[in-house]
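Data file: input-v6.tsv. Format and content: TSV, C-alpha atoms and all ligand atoms.
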```
chain	number	residue	atom	x	y	z
A	152	MET	CA	-85.81	-28.21	-33.25
A	153	LYS	CA	-89.18	-27.82	-34.98
A	154	ALA	CA	-89.65	-24.10	-35.72
A	155	ARG	CA	-92.77	-22.52	-34.25
A	156	TYR	CA	-92.56	-19.38	-36.41
A	157	ASP	CA	-91.21	-18.38	-39.78
A	158	PHE	CA	-88.65	-15.65	-39.19
A	159	SER	CA	-86.83	-16.15	-42.49
A	160	GLY	CA	-85.41	-12.90	-43.84
A	161	LYS	CA	-85.71	-11.30	-40.38
A	162	VAL	CA	-82.87	-10.07	-38.19
A	163	ALA	CA	-82.73	-10.14	-34.38
A	164	VAL	CA	-80.31	-8.64	-31.88
A	165	ILE	CA	-80.13	-10.10	-28.36
A	166	THR	CA	-78.21	-8.48	-25.53
A	167	GLY	CA	-76.92	-10.90	-22.94
A	168	GLY	CA	-77.32	-13.41	-25.75
A	169	THR	CA	-74.31	-15.47	-24.72
A	170	ASP	CA	-75.88	-17.34	-21.79
A	171	GLY	CA	-79.10	-18.33	-20.10
A	172	ILE	CA	-82.35	-16.82	-21.32
A	173	GLY	CA	-80.67	-14.70	-24.04
A	174	LEU	CA	-78.88	-17.69	-25.56
A	175	ALA	CA	-82.11	-19.73	-25.54
A	176	ALA	CA	-83.82	-16.85	-27.33
A	177	ALA	CA	-81.00	-16.73	-29.90
A	178	GLN	CA	-81.48	-20.44	-30.60
A	179	ALA	CA	-85.26	-19.98	-30.92
A	180	PHE	CA	-84.78	-17.20	-33.50
A	181	VAL	CA	-82.26	-19.33	-35.42
A	182	ASP	CA	-84.74	-22.23	-35.35
A	183	GLY	CA	-87.29	-19.90	-36.97
A	184	GLY	CA	-84.83	-18.97	-39.74
A	185	ALA	CA	-83.76	-15.50	-38.52
A	186	SER	CA	-80.27	-14.04	-38.69
A	187	VAL	CA	-79.09	-13.17	-35.19
A	188	VAL	CA	-76.54	-10.90	-33.53
A	189	ILE	CA	-75.77	-11.91	-29.95
A	190	ALA	CA	-74.11	-9.40	-27.66
A	191	GLY	CA	-72.33	-9.77	-24.34
A	192	ARG	CA	-69.13	-8.47	-22.78
A	193	ASN	CA	-66.99	-11.59	-22.48
A	194	VAL	CA	-65.45	-12.74	-25.78
A	195	GLU	CA	-64.80	-16.34	-24.68
A	196	ARG	CA	-68.41	-16.68	-23.53
A	197	GLY	CA	-69.46	-15.23	-26.89
A	198	GLN	CA	-67.41	-17.83	-28.76
A	199	ARG	CA	-68.84	-20.64	-26.60
A	200	ALA	CA	-72.33	-19.34	-27.34
A	201	LEU	CA	-71.65	-19.32	-31.10
A	202	ASP	CA	-70.30	-22.89	-30.88
A	203	SER	CA	-73.41	-24.04	-29.01
A	204	ILE	CA	-75.89	-22.81	-31.62
A	205	THR	CA	-77.39	-25.65	-33.62
A	206	GLY	CA	-78.68	-25.29	-37.16
A	207	ALA	CA	-77.83	-22.28	-39.33
A	208	ARG	CA	-74.81	-21.12	-37.33
A	209	GLU	CA	-73.55	-19.11	-40.31
A	210	LYS	CA	-76.42	-16.68	-39.74
A	211	VAL	CA	-75.24	-15.80	-36.22
A	212	ARG	CA	-72.69	-13.17	-35.19
A	213	PHE	CA	-71.28	-12.24	-31.80
A	214	ILE	CA	-70.17	-8.74	-30.84
A	215	SER	CA	-68.52	-7.87	-27.57
A	216	THR	CA	-70.80	-5.23	-26.08
A	217	ASP	CA	-71.37	-3.56	-22.74
A	218	VAL	CA	-74.94	-2.29	-22.98
A	219	SER	CA	-74.23	0.58	-20.60
A	220	GLN	CA	-71.80	2.12	-23.13
A	221	PRO	CA	-73.41	4.18	-25.93
A	222	ASP	CA	-70.62	3.56	-28.48
A	223	ASN	CA	-70.83	-0.21	-27.85
A	224	VAL	CA	-74.57	-0.17	-28.43
A	225	THR	CA	-74.22	1.85	-31.63
A	226	LYS	CA	-71.65	-0.66	-32.94
A	227	MET	CA	-73.95	-3.55	-32.02
A	228	VAL	CA	-76.86	-2.21	-34.06
A	229	ASP	CA	-74.52	-1.11	-36.87
A	230	LEU	CA	-73.33	-4.74	-37.12
A	231	CYS	CA	-76.92	-5.91	-37.67
A	232	LEU	CA	-77.26	-3.42	-40.52
A	233	SER	CA	-73.84	-4.03	-42.10
A	234	GLU	CA	-74.02	-7.85	-41.90
A	235	PHE	CA	-77.70	-8.45	-42.48
A	236	GLY	CA	-79.07	-5.17	-43.88
A	237	ARG	CA	-81.89	-4.57	-41.42
A	238	LEU	CA	-83.15	-5.01	-37.87
A	239	ASP	CA	-86.55	-6.52	-37.07
A	240	PHE	CA	-86.33	-7.70	-33.46
A	241	GLY	CA	-84.53	-6.36	-30.40
A	242	VAL	CA	-84.34	-8.45	-27.23
A	243	ASN	CA	-82.90	-6.38	-24.40
A	244	ASN	CA	-82.00	-9.01	-21.87
A	245	ALA	CA	-78.66	-8.02	-20.26
A	246	ALA	CA	-78.84	-7.15	-16.57
A	247	ALA	CA	-76.27	-6.70	-13.83
A	248	GLU	CA	-75.77	-9.25	-11.09
A	249	PHE	CA	-76.28	-7.92	-7.58
A	250	PRO	CA	-75.68	-9.01	-3.97
A	251	LEU	CA	-78.71	-10.39	-2.10
A	252	VAL	CA	-78.56	-8.01	0.87
A	253	PRO	CA	-80.92	-5.57	2.63
A	254	MET	CA	-81.20	-2.11	1.09
A	255	THR	CA	-78.92	-0.39	3.58
A	256	GLU	CA	-76.09	-2.82	2.82
A	257	ILE	CA	-75.97	-2.50	-0.97
A	258	PRO	CA	-72.58	-1.12	-2.09
A	259	LEU	CA	-72.90	2.11	-4.08
A	260	GLU	CA	-71.00	0.55	-7.01
A	261	SER	CA	-73.63	-2.17	-7.22
A	262	VAL	CA	-76.43	0.42	-7.30
A	263	ASP	CA	-74.66	2.26	-10.13
A	264	ARG	CA	-73.94	-0.96	-12.05
A	265	SER	CA	-77.58	-2.08	-11.88
A	266	ILE	CA	-78.91	1.28	-12.99
A	267	ASP	CA	-76.30	1.59	-15.75
A	268	THR	CA	-76.87	-1.92	-17.13
A	269	ASP	CA	-80.56	-2.61	-16.54
A	270	LEU	CA	-82.05	0.83	-17.05
A	271	ARG	CA	-79.63	3.04	-18.98
A	272	GLY	CA	-78.56	-0.03	-21.02
A	273	THR	CA	-82.13	-0.95	-21.92
A	274	TRP	CA	-82.87	2.65	-22.90
A	275	LEU	CA	-79.70	2.91	-25.01
A	276	CYS	CA	-80.51	-0.35	-26.81
A	277	MET	CA	-84.14	0.57	-27.40
A	278	LYS	CA	-83.13	3.97	-28.80
A	279	ALA	CA	-80.65	2.46	-31.28
A	280	GLU	CA	-83.00	-0.39	-32.22
A	281	ILE	CA	-86.00	1.91	-32.74
A	282	GLU	CA	-83.94	4.25	-34.94
A	283	ALA	CA	-82.87	1.28	-37.10
A	284	MET	CA	-86.38	-0.22	-37.25
A	285	LEU	CA	-87.97	3.06	-38.29
A	286	LYS	CA	-85.86	2.93	-41.48
A	287	THR	CA	-87.50	-0.35	-42.57
A	288	GLY	CA	-91.03	0.28	-41.38
A	289	GLY	CA	-91.15	-1.35	-37.97
A	290	GLY	CA	-90.31	-4.33	-35.81
A	291	ALA	CA	-90.73	-5.72	-32.33
A	292	ILE	CA	-88.81	-5.19	-29.11
A	293	VAL	CA	-88.95	-7.42	-26.04
A	294	ASN	CA	-87.32	-6.19	-22.86
A	295	VAL	CA	-86.49	-8.91	-20.37
A	296	SER	CA	-87.76	-7.67	-17.04
A	297	SER	CA	-88.66	-9.85	-14.04
A	298	VAL	CA	-91.46	-10.67	-11.63
A	299	ASN	CA	-89.48	-8.17	-9.54
A	300	GLY	CA	-90.65	-5.58	-12.05
A	301	MET	CA	-94.26	-6.33	-11.05
A	302	ALA	CA	-93.82	-6.85	-7.31
A	303	ALA	CA	-90.67	-7.04	-5.15
A	304	SER	CA	-88.52	-9.48	-3.22
A	305	PRO	CA	-86.61	-8.74	-0.04
A	306	LYS	CA	-82.85	-8.29	-0.59
A	307	ALA	CA	-83.38	-7.29	-4.23
A	308	SER	CA	-84.51	-3.68	-3.85
A	309	ILE	CA	-82.37	-2.01	-6.53
A	310	TYR	CA	-83.03	-4.89	-8.93
A	311	SER	CA	-86.73	-4.47	-8.27
A	312	ALA	CA	-86.40	-0.72	-8.88
A	313	THR	CA	-84.57	-1.14	-12.19
A	314	LYS	CA	-86.98	-3.82	-13.40
A	315	HIS	CA	-89.99	-1.63	-12.47
A	316	GLY	CA	-88.17	1.03	-14.49
A	317	VAL	CA	-87.80	-1.33	-17.44
A	318	ASN	CA	-91.55	-2.00	-17.32
A	319	GLY	CA	-92.29	1.74	-17.26
A	320	LEU	CA	-89.87	2.46	-20.09
A	321	THR	CA	-91.47	-0.35	-22.10
A	322	ALA	CA	-95.03	0.86	-21.57
A	323	ALA	CA	-94.18	4.46	-22.48
A	324	ALA	CA	-92.17	3.50	-25.57
A	325	ALA	CA	-94.89	1.03	-26.62
A	326	ARG	CA	-97.41	3.88	-26.69
A	327	GLU	CA	-95.00	6.20	-28.50
A	328	TYR	CA	-93.97	3.83	-31.31
A	329	ILE	CA	-96.89	1.50	-32.05
A	330	GLY	CA	-98.17	4.08	-34.54
A	331	GLN	CA	-94.90	3.65	-36.44
A	332	GLY	CA	-95.10	-0.12	-36.54
A	333	ILE	CA	-92.91	-1.04	-33.58
A	334	ARG	CA	-94.45	-3.30	-30.93
A	335	ILE	CA	-92.73	-3.16	-27.56
A	336	ASN	CA	-93.41	-5.54	-24.65
A	337	THR	CA	-91.66	-7.22	-21.75
A	338	VAL	CA	-91.35	-10.73	-20.47
A	339	CYS	CA	-91.24	-11.00	-16.69
A	340	PRO	CA	-89.62	-14.30	-15.72
A	341	GLY	CA	-89.83	-15.84	-12.26
A	342	ALA	CA	-87.21	-18.29	-11.00
A	343	ILE	CA	-85.39	-19.63	-14.07
A	344	GLU	CA	-82.53	-22.14	-14.14
A	345	THR	CA	-79.63	-20.25	-15.77
A	346	PRO	CA	-75.88	-19.81	-15.19
A	347	ARG	CA	-76.79	-16.73	-13.12
A	348	ARG	CA	-78.78	-18.91	-10.69
A	349	GLN	CA	-75.94	-21.46	-10.64
A	350	ARG	CA	-73.45	-18.72	-9.68
A	351	ARG	CA	-75.75	-17.73	-6.81
A	352	LEU	CA	-75.30	-21.26	-5.45
A	353	THR	CA	-71.49	-21.20	-5.59
A	354	GLY	CA	-70.13	-22.25	-2.23
A	355	PHE	CA	-73.38	-23.92	-1.16
A	356	THR	CA	-73.11	-27.46	0.20
A	357	PRO	CA	-75.13	-30.14	-1.67
A	358	GLU	CA	-77.64	-30.01	1.23
A	359	GLN	CA	-77.99	-26.22	0.87
A	360	VAL	CA	-78.51	-26.55	-2.90
A	361	GLU	CA	-81.19	-29.18	-2.28
A	362	ALA	CA	-82.85	-26.93	0.33
A	363	HIS	CA	-82.78	-23.99	-2.14
A	364	TYR	CA	-84.66	-25.95	-4.80
A	365	ALA	CA	-87.02	-27.51	-2.25
A	366	ASP	CA	-87.90	-24.04	-0.98
A	367	LEU	CA	-88.52	-22.81	-4.54
A	368	ALA	CA	-90.65	-25.87	-5.28
A	369	THR	CA	-92.95	-24.99	-2.38
A	370	ARG	CA	-93.17	-21.30	-3.31
A	371	VAL	CA	-93.72	-21.79	-7.06
A	372	PRO	CA	-97.22	-23.23	-7.74
A	373	ALA	CA	-95.81	-25.17	-10.74
A	374	GLY	CA	-93.51	-26.89	-8.23
A	375	ARG	CA	-90.23	-26.24	-10.03
A	376	VAL	CA	-87.92	-23.59	-11.47
A	377	GLY	CA	-88.47	-22.62	-15.11
A	378	LEU	CA	-86.24	-23.25	-18.11
A	379	SER	CA	-84.61	-20.60	-20.28
A	380	GLU	CA	-86.41	-22.15	-23.25
A	381	GLU	CA	-89.77	-21.47	-21.56
A	382	VAL	CA	-88.92	-17.76	-21.39
A	383	ALA	CA	-87.52	-17.78	-24.93
A	384	ALA	CA	-90.87	-19.18	-26.11
A	385	GLY	CA	-92.57	-16.05	-24.76
A	386	ILE	CA	-89.96	-13.78	-26.35
A	387	VAL	CA	-90.33	-15.23	-29.85
A	388	TRP	CA	-94.13	-15.24	-29.54
A	389	LEU	CA	-94.03	-11.51	-28.72
A	390	CYS	CA	-91.93	-10.97	-31.88
A	391	SER	CA	-94.14	-13.15	-34.07
A	392	ASP	CA	-97.21	-12.40	-36.15
A	393	GLU	CA	-99.22	-14.35	-33.56
A	394	SER	CA	-99.12	-11.38	-31.18
A	395	THR	CA	-99.80	-8.41	-33.46
A	396	TYR	CA	-102.32	-6.79	-31.05
A	397	VAL	CA	-100.13	-7.24	-27.95
A	398	VAL	CA	-98.62	-3.85	-27.12
A	399	GLY	CA	-97.01	-2.59	-23.91
A	400	HIS	CA	-97.76	-5.90	-22.21
A	401	HIS	CA	-95.81	-7.50	-19.38
A	402	LEU	CA	-95.87	-11.24	-20.00
A	403	VAL	CA	-95.27	-13.01	-16.69
A	404	ILE	CA	-93.57	-16.41	-17.13
A	405	ASP	CA	-93.18	-17.72	-13.61
A	406	GLY	CA	-95.00	-20.99	-12.99
A	407	GLY	CA	-97.60	-19.06	-11.00
A	408	LEU	CA	-95.14	-17.47	-8.52
A	409	ASN	CA	-96.70	-14.02	-8.92
A	410	ALA	CA	-100.30	-15.22	-9.13
B	501	LIG	N1	-82.57	-16.37	-14.11
B	501	LIG	C1	-83.63	-15.92	-13.47
B	501	LIG	O1	-84.16	-16.56	-12.53
B	501	LIG	C2	-84.26	-14.61	-13.89
B	501	LIG	C3	-85.48	-14.24	-13.30
B	501	LIG	C4	-86.07	-13.05	-13.69
B	501	LIG	C5	-85.48	-12.24	-14.62
B	501	LIG	N2	-84.29	-12.61	-15.17
B	501	LIG	C6	-83.69	-11.69	-16.14
B	501	LIG	O2	-83.36	-12.41	-17.31
B	501	LIG	C7	-82.23	-11.79	-17.94
B	501	LIG	C8	-81.18	-12.83	-18.23
B	501	LIG	O3	-80.85	-13.49	-17.03
B	501	LIG	P1	-80.07	-14.89	-17.01
B	501	LIG	O4	-80.44	-15.53	-15.73
B	501	LIG	O5	-80.27	-15.59	-18.29
B	501	LIG	O6	-78.57	-14.37	-16.86
B	501	LIG	P2	-77.14	-15.04	-17.21
B	501	LIG	O7	-77.29	-16.51	-17.38
B	501	LIG	O8	-76.21	-14.54	-16.17
B	501	LIG	O9	-76.79	-14.34	-18.59
B	501	LIG	C9	-76.61	-12.95	-18.57
B	501	LIG	C10	-76.11	-12.51	-19.92
B	501	LIG	O10	-76.01	-11.08	-19.90
B	501	LIG	C11	-74.70	-10.70	-20.30
B	501	LIG	N3	-74.39	-9.41	-19.69
B	501	LIG	C12	-74.29	-9.10	-18.37
B	501	LIG	N4	-73.99	-7.81	-18.22
B	501	LIG	C13	-73.91	-7.27	-19.47
B	501	LIG	C14	-73.63	-5.97	-19.98
B	501	LIG	N5	-73.34	-4.93	-19.17
B	501	LIG	N6	-73.63	-5.79	-21.32
B	501	LIG	C15	-73.91	-6.82	-22.17
B	501	LIG	N7	-74.19	-8.06	-21.74
B	501	LIG	C16	-74.17	-8.28	-20.41
B	501	LIG	C17	-73.83	-11.88	-19.89
B	501	LIG	O11	-72.61	-11.97	-20.61
B	501	LIG	P3	-71.27	-11.16	-20.12
B	501	LIG	O12	-71.20	-11.35	-18.63
B	501	LIG	O13	-70.16	-11.80	-20.88
B	501	LIG	O14	-71.49	-9.74	-20.51
B	501	LIG	C18	-74.75	-13.03	-20.27
B	501	LIG	O15	-74.73	-13.26	-21.67
B	501	LIG	C19	-81.79	-10.66	-17.00
B	501	LIG	O16	-82.35	-9.45	-17.44
B	501	LIG	C20	-82.40	-11.07	-15.66
B	501	LIG	O17	-82.63	-9.96	-14.83
B	501	LIG	C21	-83.66	-13.77	-14.84
```

As structure tokens:
Amino acid sequence: MKARYDFSGKVAVITGGTDGIGLAAAQAFVDGGASVVIAGRNVERGQRALDSITGAREKVRFISTDVSQPDNVTKMVDLCLSEFGRLDFGVNNAAAEFPLVPMTEIPLESVDRSIDTDLRGTWLCMKAEIEAMLKTGGGAIVNVSSVNGMAASPKASIYSATKHGVNGLTAAAAREYIGQGIRINTVCPGAIETPRRQRRLTGFTPEQVEAHYADLATRVPAGRVGLSEEVAAGIVWLCSDESTYVVGHHLVIDGGLNA
């Protein structure tokens, strides 16, 4: 693919980089010439992700990582430094899946998993990434939030709470670290076609799947779901020299859903 930006000599780490939006972001960084570490829990998925990368595959590493575990996150950032000598970009994209149910019906384990992955995980990753970036004079971090971090959807209350938390964490950290050369922002995707969305449709009849997309098409002003690549485009822009005055911003990428 034609590279939009020149990231040669730069190093990116992407959590949840083995599927969906994270994998599209990994490919976009590779297209720009960056070295990339992709992190996710499942080793087979990690291998599949590595195999799917086109172009300079030799500049990509996978590390099995659960972002809610401090030692995993430390190892992930250490790999960036040991393999590639620096860290320039952190994309904190991993989030827990959750049941679409009213607030009173959410299992406690699901509440804990969402908070541990989305919020604690994002904080752990940002902390390790910022510490590494400070050693080389700066970088850029993009946290993958959601339109649910700006507003809320019924049957997604804890998700909405964690994504609002991610936006708050981002804004505070952006103010704290911009003076030391680290720009921190979010992207807030709307309805994006990813394996996560596909899993939501497991068990649906073809008619129900059609009705799902027809409903989305009427609710999204753009008339369709978005692509992972359309979110990745926002992520790499926020890491590029084209966005040097964009700090603590929440970039909504949703086909107008939240407008
Ligand atoms: N798709 C949408 O419509 C949409 C809309 C708004 C926001 N988002 C946000 O976009 C991000 C990516 O979503 P997606 O739809 O691309 O999801 P996806 O296709 O399900 O991919 C999720 C990725 O995260 C990894 N992951 C999950 N839990 C993890 C953990 N504890 N530690 C490390 N990695 C973990 C998964 O690999 P393993 O399972 O192997 O760990 C996978 O690589 C999420 O933050 C989501 O909230 C998505």

Residues of stretch 337-397 of chain A that have any atom at most 9 Å from an atom of stretch 237-255 of chain A: could you tabulate them with the shortest-distance atom pair and the distance in Å to one decimal, using only C-alpha atoms, ordered by chain and increasing number, as a Markdown table?
```
| residue | atom | partner | partner_atom | distance |
| --- | --- | --- | --- | --- |
| A:Arg347 | CA | A:Glu248 | CA | 7.8 |
| A:Ile386 | CA | A:Val242 | CA | 7.8 |
| A:Cys390 | CA | A:Phe240 | CA | 6.7 |
```

task: May I have the residues within 7 Å of ligand LIG 501 (chain B), computed using only C-alpha atoms and all ligand atoms, as a ChimeraX atom specification?
output: /A:166-173,190-194,196-197,216-219,244-247,268,295-298,339-348,379

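Polymer residues near (-94.4, -17.8, -34.2): counting only C-alpha atoms with a cut-off of 9 Å, they are Ala154, Arg155, Tyr156, Asp157, Phe158, Gly183, Ala384, Val387, Trp388, Leu389, Cys390, Ser391, Asp392, Glu393 and Ser394 of chain A.
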
message: Could you list, as a PyMOL selection string, every residue within 12 Å of A:Leu275, counting all atoms listed in the file and ignoring same-chain residues fewer than 2 positions away?
response: chain A and resi 166+217-228+241+243+245+267-273+277-282+317+320

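For the choices A:Gly385, A:Gly330, A:Gly407, A:Gly206, the atom-to-atom distance to A:Arg370 is smallest for A:Gly407 when using only C-alpha atoms.
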
task: Could you jot down the atom CA of A:Leu230 to atom CA of A:Val211 separation for me, Å, one decimal place?
output: 11.3 Å

From A:Arg334, A:Lys306, A:His315, A:Arg351, residue lying nearest A:Gly290 [all atoms listed in the file]: A:Arg334

- line: atom CA of A:Gly300 sits from atom CA of A:Ala324 at a separation of 16.4 Å

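Counting all atoms listed in the file, the residue from A:Phe213, A:Phe235, A:Trp274, A:Phe355 that sits nearest to A:Gly319 is A:Trp274.
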
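The shortest atom-to-atom distance to A:Ser159, with all atoms listed in the file taken into account, belongs to A:Ala185 out of A:Ile404, A:Leu201, A:Ala185, A:Val293.
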
query: Looking at all atoms listed in the file, which of A:Asp405, A:Asp229, A:Asp202, A:Glu234 is the one that sits closest to A:Ser186?
result: A:Glu234
